[in-house]
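Coordinates from my_file.pdb are shown below (PDB, C-alpha atoms).
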MODEL        1
ATOM      1  CA  MET A   4       0.000   0.000   0.000
ATOM      2  CA  PRO A   5       2.232   2.854  -1.247
ATOM      3  CA  ALA A   6      -0.055   5.538   0.193
ATOM      4  CA  LEU A   7       0.818   4.370   3.717
ATOM      5  CA  THR A   8       4.423   5.494   3.142
ATOM      6  CA  GLY A   9       3.086   9.041   2.997
ATOM      7  CA  VAL A  10       1.623  11.712   5.240
ATOM      8  CA  ARG A  11      -1.992  12.667   4.547
ATOM      9  CA  PHE A  12      -2.579  16.429   4.358
ATOM     10  CA  GLU A  13      -6.165  17.704   4.583
ATOM     11  CA  VAL A  14      -7.080  21.380   4.637
ATOM     12  CA  ALA A  15     -10.515  22.328   5.987
ATOM     13  CA  GLY A  16     -11.032  26.032   6.493
ATOM     14  CA  GLN A  17      -8.092  27.440   8.436
ATOM     15  CA  ARG A  18      -6.990  24.075   9.823
ATOM     16  CA  LEU A  19      -4.502  21.573   8.412
ATOM     17  CA  HIS A  20      -4.919  17.962   9.525
ATOM     18  CA  LEU A  21      -1.899  15.658   9.099
ATOM     19  CA  ALA A  22      -1.948  11.879   9.567
ATOM     20  CA  GLY A  23       0.594   9.086   9.286
ATOM     21  CA  THR A  24       0.082   5.376   9.882
ATOM     22  CA  ASP A  25       1.670   1.946   9.507
ATOM     23  CA  LEU A  26      -1.691   0.222  10.219
ATOM     24  CA  ASP A  27      -0.655  -0.569  13.797
ATOM     25  CA  VAL A  28       0.034   2.988  14.998
ATOM     26  CA  THR A  29      -1.608   6.161  13.684
ATOM     27  CA  ILE A  30      -0.561   9.695  14.638
ATOM     28  CA  GLN A  31      -2.697  12.728  13.745
ATOM     29  CA  VAL A  32      -1.909  16.411  14.273
ATOM     30  CA  GLU A  33      -3.901  19.593  13.573
ATOM     31  CA  ILE A  34      -2.386  23.053  13.083
ATOM     32  CA  ASP A  35      -3.649  26.479  11.994
ATOM     33  CA  VAL A  36      -2.898  27.594   8.434
ATOM     34  CA  ALA A  37      -3.596  30.729   6.421
ATOM     35  CA  GLY A  38      -5.553  30.857   3.166
ATOM     36  CA  GLY A  39      -5.885  28.108   0.628
ATOM     37  CA  GLU A  40      -8.745  25.926  -0.563
ATOM     38  CA  ASP A  41     -10.058  22.786   1.106
ATOM     39  CA  GLY A  42      -8.508  19.596  -0.212
ATOM     40  CA  VAL A  43      -6.628  16.343   0.463
ATOM     41  CA  CYS A  44      -3.295  14.948  -0.723
ATOM     42  CA  VAL A  45      -0.685  12.394   0.382
ATOM     43  CA  ILE A  46       3.023  13.316   0.221
ATOM     44  CA  PRO A  47       5.844  10.741   0.702
ATOM     45  CA  ALA A  48       6.652  11.001   4.406
ATOM     46  CA  ARG A  49      10.433  10.675   4.423
ATOM     47  CA  LEU A  50      10.841  13.154   1.565
ATOM     48  CA  ALA A  51       8.432  15.659   3.138
ATOM     49  CA  ASN A  52      10.265  15.415   6.443
ATOM     50  CA  ASP A  53      13.679  15.957   4.836
ATOM     51  CA  ILE A  54      12.378  18.940   2.853
ATOM     52  CA  VAL A  55      10.803  20.694   5.826
ATOM     53  CA  ARG A  56      13.898  20.133   7.992
ATOM     54  CA  GLY A  57      16.061  21.742   5.343
ATOM     55  CA  LEU A  58      13.966  24.873   4.757
ATOM     56  CA  ASP A  59      14.930  28.240   6.202
ATOM     57  CA  PRO A  60      12.781  29.483   9.133
ATOM     58  CA  GLY A  61       9.592  31.286   8.146
ATOM     59  CA  SER A  62       6.350  30.582   6.335
ATOM     60  CA  VAL A  63       5.984  27.660   3.925
ATOM     61  CA  GLN A  64       3.651  27.629   0.941
ATOM     62  CA  VAL A  65       2.193  24.410  -0.423
ATOM     63  CA  GLU A  66       0.216  24.099  -3.666
ATOM     64  CA  VAL A  67      -1.201  20.780  -4.825
ATOM     65  CA  ASP A  68      -2.757  19.457  -8.007
ATOM     66  CA  GLU A  69      -3.592  15.893  -9.029
ATOM     67  CA  ASN A  70       0.007  14.927  -9.735
ATOM     68  CA  GLU A  71       2.355  16.936  -7.546
ATOM     69  CA  ALA A  72       2.818  19.109  -4.484
ATOM     70  CA  ARG A  73       4.856  22.284  -4.861
ATOM     71  CA  ILE A  74       6.562  23.316  -1.633
ATOM     72  CA  SER A  75       8.330  26.661  -1.374
ATOM     73  CA  ALA A  76       9.927  28.838   1.296
ATOM     74  CA  GLY A  77      11.878  31.947   0.353
ATOM     75  CA  PRO A  78      14.199  31.144  -2.560
ATOM     76  CA  THR A  79      13.771  27.350  -2.245
ATOM     77  CA  HIS A  80      11.215  25.429  -4.352
ATOM     78  CA  TYR A  81      10.374  21.729  -4.574
ATOM     79  CA  ALA A  82       7.951  19.749  -6.746
ATOM     80  CA  VAL A  83       7.079  16.322  -5.342
ATOM     81  CA  ARG A  84       4.907  13.587  -6.853
ATOM     82  CA  VAL A  85       1.890  12.848  -4.658
ATOM     83  CA  LEU A  86       0.345   9.496  -3.740
ATOM     84  CA  PRO A  87      -3.342   8.522  -4.212
ATOM     85  CA  PRO A  88      -5.267   9.865  -1.157
ATOM     86  CA  GLU A  89      -8.118   7.386  -1.693
ATOM     87  CA  GLU A  90      -5.702   4.543  -0.861
ATOM     88  CA  PHE A  91      -4.855   5.980   2.553
ATOM     89  CA  LEU A  92      -6.313   4.322   5.639
ATOM     90  CA  ARG A  93      -9.738   5.578   6.730
ATOM     91  CA  LEU A  94      -9.355   7.511  10.007
ATOM     92  CA  PRO A  95     -12.244   6.697  12.378
ATOM     93  CA  ASP A  96     -13.032   8.755  15.445
ATOM     94  CA  PRO A  97     -11.792   7.222  18.735
ATOM     95  CA  THR A  98     -14.235   5.225  20.834
ATOM     96  CA  GLY A  99     -14.366   4.057  24.435
ATOM     97  CA  ASP A 100     -14.640   5.784  27.791
ATOM     98  CA  ALA A 101     -12.226   8.655  28.327
ATOM     99  CA  VAL A 102     -10.127   9.721  31.294
ATOM    100  CA  THR A 103      -7.866  12.768  31.506
ATOM    101  CA  LEU A 104      -4.756  12.909  33.680
ATOM    102  CA  ALA A 105      -1.623  14.990  34.085
ATOM    103  CA  ALA A 106       0.730  14.421  31.160
ATOM    104  CA  SER A 107       3.778  14.547  33.443
ATOM    105  CA  ASP A 108       2.426  11.708  35.629
ATOM    106  CA  PHE A 109       1.673   9.498  32.655
ATOM    107  CA  ALA A 110       5.029  10.313  31.040
ATOM    108  CA  ASP A 111       6.818   9.301  34.251
ATOM    109  CA  ALA A 112       4.906   6.008  34.297
ATOM    110  CA  LEU A 113       5.847   5.284  30.675
ATOM    111  CA  ARG A 114       9.477   6.203  31.322
ATOM    112  CA  GLN A 115       9.576   3.663  34.139
ATOM    113  CA  VAL A 116       7.719   0.807  32.452
ATOM    114  CA  VAL A 117       8.233   0.866  28.658
ATOM    115  CA  PRO A 118      12.001   0.018  28.700
ATOM    116  CA  ALA A 119      11.210  -3.322  30.367
ATOM    117  CA  ALA A 120       9.068  -4.494  27.445
ATOM    118  CA  SER A 121      10.611  -6.975  25.021
ATOM    119  CA  LYS A 122      11.879  -5.912  21.582
ATOM    120  CA  ASP A 123      11.585  -9.469  20.244
ATOM    121  CA  GLU A 124       8.723  -9.494  17.708
ATOM    122  CA  ALA A 125       8.781 -13.307  17.832
ATOM    123  CA  ARG A 126       7.123 -12.964  21.264
ATOM    124  CA  PRO A 127       4.465 -10.307  20.544
ATOM    125  CA  ILE A 128       2.765 -10.591  23.939
ATOM    126  CA  LEU A 129       5.936  -9.425  25.708
ATOM    127  CA  THR A 130       6.302  -6.411  23.391
ATOM    128  CA  GLY A 131       3.206  -4.907  24.984
ATOM    129  CA  VAL A 132       2.509  -2.972  28.158
ATOM    130  CA  LEU A 133      -0.355  -4.347  30.226
ATOM    131  CA  MET A 134      -2.856  -1.729  31.415
ATOM    132  CA  ALA A 135      -5.155  -3.125  34.068
ATOM    133  CA  ALA A 136      -7.634  -1.914  36.656
ATOM    134  CA  GLU A 137      -6.007  -2.178  40.069
ATOM    135  CA  GLY A 138      -7.325  -0.930  43.407
ATOM    136  CA  GLY A 139      -9.421   1.878  41.964
ATOM    137  CA  GLY A 140      -6.588   3.020  39.696
ATOM    138  CA  LEU A 141      -4.608   2.025  36.629
ATOM    139  CA  ARG A 142      -1.614  -0.336  36.663
ATOM    140  CA  LEU A 143       1.033  -0.532  33.925
ATOM    141  CA  VAL A 144       3.172  -3.698  33.636
ATOM    142  CA  ALA A 145       5.909  -4.750  31.201
ATOM    143  CA  THR A 146       8.405  -7.610  31.065
ATOM    144  CA  ASP A 147      10.926  -9.165  28.688
ATOM    145  CA  SER A 148      11.223 -12.263  30.924
ATOM    146  CA  TYR A 149      14.527 -10.995  32.416
ATOM    147  CA  ARG A 150      13.057  -8.014  34.274
ATOM    148  CA  LEU A 151       9.619  -6.744  35.189
ATOM    149  CA  ALA A 152       8.370  -3.183  35.763
ATOM    150  CA  VAL A 153       5.118  -2.378  37.580
ATOM    151  CA  ARG A 154       3.767   1.167  38.000
ATOM    152  CA  ASP A 155       0.487   2.151  39.671
ATOM    153  CA  LEU A 156      -1.454   5.326  38.932
ATOM    154  CA  PRO A 157      -3.820   5.563  41.921
ATOM    155  CA  GLY A 158      -7.151   7.249  41.268
ATOM    156  CA  THR A 159      -6.906   6.922  37.488
ATOM    157  CA  SER A 160     -10.007   4.880  36.773
ATOM    158  CA  ILE A 161     -10.597   3.991  33.122
ATOM    159  CA  LEU A 162     -11.171   0.233  33.179
ATOM    160  CA  GLY A 163     -13.757  -1.745  35.094
ATOM    161  CA  GLU A 164     -12.625  -4.078  37.858
ATOM    162  CA  GLY A 165     -10.837  -7.044  36.310
ATOM    163  CA  GLN A 166     -10.494  -5.431  32.879
ATOM    164  CA  LYS A 167      -7.145  -5.212  31.101
ATOM    165  CA  VAL A 168      -5.687  -4.340  27.703
ATOM    166  CA  LEU A 169      -2.281  -4.894  26.107
ATOM    167  CA  VAL A 170      -0.849  -1.797  24.387
ATOM    168  CA  PRO A 171       2.208  -2.039  22.069
ATOM    169  CA  SER A 172       5.265  -0.581  23.805
ATOM    170  CA  ARG A 173       6.404   0.910  20.486
ATOM    171  CA  ALA A 174       3.269   3.065  20.398
ATOM    172  CA  LEU A 175       3.791   4.180  23.994
ATOM    173  CA  ALA A 176       7.396   5.152  23.244
ATOM    174  CA  GLU A 177       6.088   7.418  20.457
ATOM    175  CA  LEU A 178       3.431   8.769  22.820
ATOM    176  CA  ASN A 179       6.093   9.748  25.346
ATOM    177  CA  ARG A 180       7.559  12.099  22.738
ATOM    178  CA  LEU A 181       4.160  13.786  22.331
ATOM    179  CA  LEU A 182       3.835  14.205  26.105
ATOM    180  CA  THR A 183       6.948  16.391  26.372
ATOM    181  CA  GLY A 184       5.847  19.813  27.616
ATOM    182  CA  ALA A 185       2.129  18.917  27.586
ATOM    183  CA  ASP A 186      -0.274  19.574  30.476
ATOM    184  CA  GLN A 187      -2.809  16.795  30.019
ATOM    185  CA  VAL A 188      -3.410  13.564  28.129
ATOM    186  CA  THR A 189      -6.795  11.978  27.476
ATOM    187  CA  LEU A 190      -6.909   8.176  27.244
ATOM    188  CA  ARG A 191      -9.617   6.169  25.518
ATOM    189  CA  LEU A 192      -9.500   2.392  25.682
ATOM    190  CA  ALA A 193     -11.790   0.450  23.361
ATOM    191  CA  SER A 194     -12.090  -3.285  22.749
ATOM    192  CA  ASP A 195      -9.510  -3.339  19.943
ATOM    193  CA  GLU A 196      -7.643  -0.036  20.114
ATOM    194  CA  ALA A 197      -6.367   2.669  22.431
ATOM    195  CA  SER A 198      -6.126   6.377  21.678
ATOM    196  CA  PHE A 199      -4.261   9.159  23.453
ATOM    197  CA  ALA A 200      -5.068  12.829  22.797
ATOM    198  CA  VAL A 201      -2.371  15.380  23.680
ATOM    199  CA  GLY A 202      -3.232  18.956  22.725
ATOM    200  CA  ASP A 203      -3.766  19.018  18.944
ATOM    201  CA  SER A 204      -2.180  15.580  18.507
ATOM    202  CA  ARG A 205      -3.714  12.119  18.780
ATOM    203  CA  LEU A 206      -2.053   8.712  18.717
ATOM    204  CA  THR A 207      -4.149   5.610  18.063
ATOM    205  CA  THR A 208      -2.841   2.060  18.256
ATOM    206  CA  ARG A 209      -4.199  -1.421  17.821
ATOM    207  CA  LEU A 210      -4.174  -3.541  20.940
ATOM    208  CA  ILE A 211      -2.231  -6.803  21.134
ATOM    209  CA  GLU A 212      -4.346  -9.929  21.396
ATOM    210  CA  GLY A 213      -3.368 -12.641  23.844
ATOM    211  CA  GLU A 214      -2.878 -13.339  27.528
ATOM    212  CA  PHE A 215      -0.152 -11.483  29.385
ATOM    213  CA  PRO A 216       1.944 -13.695  31.739
ATOM    214  CA  ASN A 217       0.879 -14.016  35.367
ATOM    215  CA  TYR A 218       3.456 -11.578  36.715
ATOM    216  CA  ARG A 219       2.094 -11.594  40.277
ATOM    217  CA  GLN A 220       3.518 -15.047  41.006
ATOM    218  CA  LEU A 221       7.019 -13.698  40.319
ATOM    219  CA  ILE A 222       6.910 -11.128  43.130
ATOM    220  CA  PRO A 223       7.734 -12.624  46.558
ATOM    221  CA  ASP A 224       5.632 -11.541  49.541
ATOM    222  CA  SER A 225       8.725 -10.740  51.621
ATOM    223  CA  TYR A 226      12.512 -10.699  51.460
ATOM    224  CA  PRO A 227      15.091 -11.688  54.097
ATOM    225  CA  ASN A 228      17.809  -9.387  52.718
ATOM    226  CA  ARG A 229      17.536  -5.622  52.179
ATOM    227  CA  VAL A 230      20.077  -2.969  51.227
ATOM    228  CA  ILE A 231      19.350   0.774  51.094
ATOM    229  CA  VAL A 232      21.764   2.989  49.176
ATOM    230  CA  ALA A 233      21.883   6.549  47.809
ATOM    231  CA  LYS A 234      20.529   6.492  44.250
ATOM    232  CA  GLU A 235      23.026   8.786  42.509
ATOM    233  CA  GLN A 236      26.035   7.221  44.239
ATOM    234  CA  PHE A 237      24.801   3.753  43.297
ATOM    235  CA  LEU A 238      24.241   4.748  39.641
ATOM    236  CA  SER A 239      27.655   6.377  39.380
ATOM    237  CA  ALA A 240      29.359   3.334  40.888
ATOM    238  CA  ILE A 241      27.581   0.936  38.505
ATOM    239  CA  ARG A 242      28.586   3.036  35.478
ATOM    240  CA  ARG A 243      32.231   3.190  36.556
ATOM    241  CA  VAL A 244      32.493  -0.538  37.255
ATOM    242  CA  LYS A 245      30.552  -1.334  34.054
ATOM    243  CA  LEU A 246      33.479  -0.022  32.008
ATOM    244  CA  LEU A 247      35.211  -3.358  32.656
ATOM    245  CA  ALA A 248      32.042  -5.418  32.153
ATOM    246  CA  LYS A 249      32.551  -6.382  28.510
ATOM    247  CA  ASP A 250      30.585  -8.886  26.429
ATOM    248  CA  ALA A 251      27.541  -8.979  28.739
ATOM    249  CA  THR A 252      29.690  -9.585  31.825
ATOM    250  CA  PRO A 253      27.529  -9.181  34.951
ATOM    251  CA  ILE A 254      28.352  -6.904  37.867
ATOM    252  CA  ARG A 255      28.698  -8.706  41.200
ATOM    253  CA  LEU A 256      27.343  -7.049  44.314
ATOM    254  CA  THR A 257      28.760  -8.239  47.618
ATOM    255  CA  LEU A 258      26.248  -7.302  50.330
ATOM    256  CA  ARG A 259      27.517  -7.152  53.900
ATOM    257  CA  PRO A 260      26.738  -5.266  57.135
ATOM    258  CA  ASP A 261      29.380  -2.577  56.552
ATOM    259  CA  GLY A 262      28.242  -1.719  52.995
ATOM    260  CA  MET A 263      28.373  -2.948  49.424
ATOM    261  CA  GLU A 264      31.140  -3.885  46.999
ATOM    262  CA  LEU A 265      30.689  -3.796  43.195
ATOM    263  CA  VAL A 266      32.995  -5.901  41.024
ATOM    264  CA  ALA A 267      33.267  -6.600  37.288
ATOM    265  CA  VAL A 268      35.829  -9.042  35.909
ATOM    266  CA  THR A 269      36.324  -9.665  32.192
ATOM    267  CA  GLN A 270      38.806 -12.290  31.094
ATOM    268  CA  ASP A 271      41.757 -10.851  29.135
ATOM    269  CA  VAL A 272      40.513  -7.300  29.776
ATOM    270  CA  GLY A 273      40.771  -6.616  33.499
ATOM    271  CA  GLN A 274      38.629  -5.891  36.509
ATOM    272  CA  ALA A 275      37.000  -2.988  38.349
ATOM    273  CA  ARG A 276      35.997  -2.773  42.006
ATOM    274  CA  GLU A 277      34.310  -0.081  44.074
ATOM    275  CA  ASP A 278      33.170   0.050  47.705
ATOM    276  CA  LEU A 279      29.957   1.884  48.503
ATOM    277  CA  ASP A 280      28.354   2.998  51.753
ATOM    278  CA  ALA A 281      25.001   1.311  52.280
ATOM    279  CA  LYS A 282      22.646   0.074  54.983
ATOM    280  CA  TYR A 283      22.291  -3.693  54.830
ATOM    281  CA  GLU A 284      20.135  -6.125  56.781
ATOM    282  CA  GLY A 285      20.461  -9.840  56.082
ATOM    283  CA  ALA A 286      22.977 -12.593  55.510
ATOM    284  CA  GLU A 287      26.212 -11.685  53.734
ATOM    285  CA  MET A 288      25.868 -12.706  50.095
ATOM    286  CA  VAL A 289      27.022 -12.132  46.521
ATOM    287  CA  VAL A 290      24.447 -11.488  43.778
ATOM    288  CA  ALA A 291      25.171 -10.584  40.132
ATOM    289  CA  PHE A 292      23.094  -8.584  37.622
ATOM    290  CA  ASN A 293      23.174  -7.514  34.007
ATOM    291  CA  PRO A 294      24.541  -3.954  34.403
ATOM    292  CA  GLU A 295      22.301  -2.419  31.718
ATOM    293  CA  PHE A 296      19.159  -3.879  33.279
ATOM    294  CA  LEU A 297      20.267  -2.781  36.743
ATOM    295  CA  ILE A 298      20.906   0.780  35.519
ATOM    296  CA  ASP A 299      17.460   0.910  33.870
ATOM    297  CA  GLY A 300      15.807  -0.043  37.149
ATOM    298  CA  VAL A 301      17.770   2.342  39.345
ATOM    299  CA  GLU A 302      17.309   5.242  36.887
ATOM    300  CA  ALA A 303      13.554   4.699  36.925
ATOM    301  CA  ILE A 304      13.341   5.139  40.690
ATOM    302  CA  THR A 305      12.071   8.478  42.026
ATOM    303  CA  GLY A 306      13.587   9.832  45.223
ATOM    304  CA  ASP A 307      17.069   9.904  46.733
ATOM    305  CA  GLU A 308      17.365   6.313  47.983
ATOM    306  CA  VAL A 309      17.116   2.892  46.349
ATOM    307  CA  GLN A 310      15.937  -0.207  48.184
ATOM    308  CA  LEU A 311      17.232  -3.521  46.800
ATOM    309  CA  ASP A 312      15.563  -6.637  48.241
ATOM    310  CA  THR A 313      16.911 -10.140  47.586
ATOM    311  CA  LEU A 314      15.989 -13.733  48.465
ATOM    312  CA  ASP A 315      19.234 -15.371  47.360
ATOM    313  CA  ALA A 316      21.727 -15.235  44.500
ATOM    314  CA  LEU A 317      19.401 -16.967  42.013
ATOM    315  CA  LYS A 318      15.871 -15.744  42.737
ATOM    316  CA  PRO A 319      14.322 -12.457  41.513
ATOM    317  CA  ALA A 320      15.328  -9.290  43.353
ATOM    318  CA  THR A 321      13.306  -6.076  43.484
ATOM    319  CA  VAL A 322      14.392  -2.469  43.143
ATOM    320  CA  ARG A 323      12.141   0.274  44.484
ATOM    321  CA  SER A 324      12.150   3.710  46.055
ATOM    322  CA  THR A 325      12.155   4.113  49.826
ATOM    323  CA  GLU A 326       9.839   7.115  49.328
ATOM    324  CA  ASN A 327       7.346   6.158  46.600
ATOM    325  CA  PRO A 328       5.559   2.779  46.747
ATOM    326  CA  ASN A 329       3.903   3.097  43.305
ATOM    327  CA  PHE A 330       6.783   1.607  41.266
ATOM    328  CA  LEU A 331       8.493  -1.775  41.475
ATOM    329  CA  TYR A 332      11.268  -3.182  39.272
ATOM    330  CA  LEU A 333      11.955  -6.907  39.489
ATOM    331  CA  LEU A 334      15.252  -8.234  38.119
ATOM    332  CA  MET A 335      16.554 -11.745  37.573
ATOM    333  CA  PRO A 336      20.109 -12.326  38.897
ATOM    334  CA  VAL A 337      22.796 -13.783  36.630
ATOM    335  CA  ARG A 338      24.344 -17.093  37.669
ATOM    336  CA  VAL A 339      28.103 -16.751  38.199
ATOM    337  CA  SER A 340      30.662 -19.367  39.203
TER     338      SER A 340
ENDMDL
END

Show me, as structure tokens, the structure contained in the file I just sent.
Amino acid sequence: MPALTGVRFEVAGQRLHLAGTDLDVTIQVEIDVAGGEDGVCVIPARLANDIVRGLDPGSVQVEVDENEARISAGPTHYAVRVLPPEEFLRLPDPTGDAVTLAASDFADALRQVVPAASKDEARPILTGVLMAAEGGGLRLVATDSYRLAVRDLPGTSILGEGQKVLVPSRALAELNRLLTGADQVTLRLASDEASFAVGDSRLTTRLIEGEFPNYRQLIPDSYPNRVIVAKEQFLSAIRRVKLLAKDATPIRLTLRPDGMELVAVTQDVGQAREDLDAKYEGAEMVVAFNPEFLIDGVEAITGDEVQLDTLDALKPATVRSTENPNFLYLLMPVRVS
């Protein structure tokens, strides 16, 4: 469908409506324009984007006939072949109950959860973010089977008790870009699609069909070992030690009453070690993690302190804030000899 490689331009009065889609995700934007007659055309998206980026600042004039679009700004002029607008996807109005919430809150939730979703299209269920009714609010969950992120938005009621939908993480990553600087976002969840309105922009995505894994059984009720450490110091130490963690080498954390030691050893490269002040309760132990996954979890935490709870060196550990109970990051340890 060649038309889907383009952006649909529709002028109605003093408004220009733009739409792009790949059938799974559709983004629409409206802006004010001056003059012109009502009409519709489809311009190749990549070419239109490159042209607009290259134009000098100022007004842009676009004229369209059946065969081409003429784009001009100052001394620069382009003539571009257009695509058949009748072949572009029909753009239905969004359906489903709506709820409006602060864009910054929703953006924070996406920032914490979306990175944990899988990128492996061979496992489509894990490429989605679960949105489920939970305790009178909305819960977001994502996992790639190596880590799990859970974020609650208390008081955000959009689904009935027991209801849940699976939204593609790719769509939510695009949505996060639209949320930058916005005040509010309006969510609508229907049986087969979800839409998010942000100012004059709207993103619509198909939902993923299938059953999300039972993530609750992965989260232990309690932990015998707990370490509390300053977030920024912990992040800085991981990044420094990670310099010697080549070829997916894990970082080993030695947890003991007087603090924490981070170590990375890569054969034929070298090793790095750093001691860190921390409060630890539990049996002295060594647990190892993928450094990238550990950094993602610690970065997602809000507040000044990180709480790391462990069962043993092989069972899932959790990372959370000591100040905010609404986010949990579960991480599988790496077996080391």

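Neighbours of Val290 of chain A closer than or equal to 6 Å, with all atoms listed in the file counted and sequence neighbours fewer than 5 positions away skipped, come out as Arg255, Leu256 and Ala316 of chain A.
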
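The coordinates place atom CA of Ala119 of chain A at 24.1 Å from atom CA of Val201 of chain A.
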
Can you pull out every residue within 6 Å of Gln274 of chain A, counting only C-alpha atoms, but drop anything in the same chain fewer than 4 positions away, and send it as a JSON list (two decimals) with C-alpha atoms, in the frame of the given file?
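Contents of out-v4.json, as written:
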[["chain", "number", "residue", "atom", "x", "y", "z"],
["A", 247, "LEU", "CA", 35.21, -3.36, 32.66],
["A", 267, "ALA", "CA", 33.27, -6.60, 37.29],
["A", 268, "VAL", "CA", 35.83, -9.04, 35.91]]

Going by the chain IDs and residue numbers used in this file, which residues fall under the PyMOL selection byres ((chain A and resi 313) around 6)? Write them as a PyMOL selection string. chain A and resi 226+228+312+314-315+320

Expand the PyMOL selection byres ((chain A and resi 79) around 10) into the explicit residue set it covers here, and present it as a PDB file with C-alpha atoms, in the coordinates of the input.
ATOM      1  CA  ILE A  54      12.378  18.940   2.853  1.00  0.00           C
ATOM      2  CA  GLY A  57      16.061  21.742   5.343  1.00  0.00           C
ATOM      3  CA  LEU A  58      13.966  24.873   4.757  1.00  0.00           C
ATOM      4  CA  ASP A  59      14.930  28.240   6.202  1.00  0.00           C
ATOM      5  CA  VAL A  63       5.984  27.660   3.925  1.00  0.00           C
ATOM      6  CA  ILE A  74       6.562  23.316  -1.633  1.00  0.00           C
ATOM      7  CA  SER A  75       8.330  26.661  -1.374  1.00  0.00           C
ATOM      8  CA  ALA A  76       9.927  28.838   1.296  1.00  0.00           C
ATOM      9  CA  GLY A  77      11.878  31.947   0.353  1.00  0.00           C
ATOM     10  CA  PRO A  78      14.199  31.144  -2.560  1.00  0.00           C
ATOM     11  CA  HIS A  80      11.215  25.429  -4.352  1.00  0.00           C
ATOM     12  CA  TYR A  81      10.374  21.729  -4.574  1.00  0.00           C
TER      13      TYR A  81
END
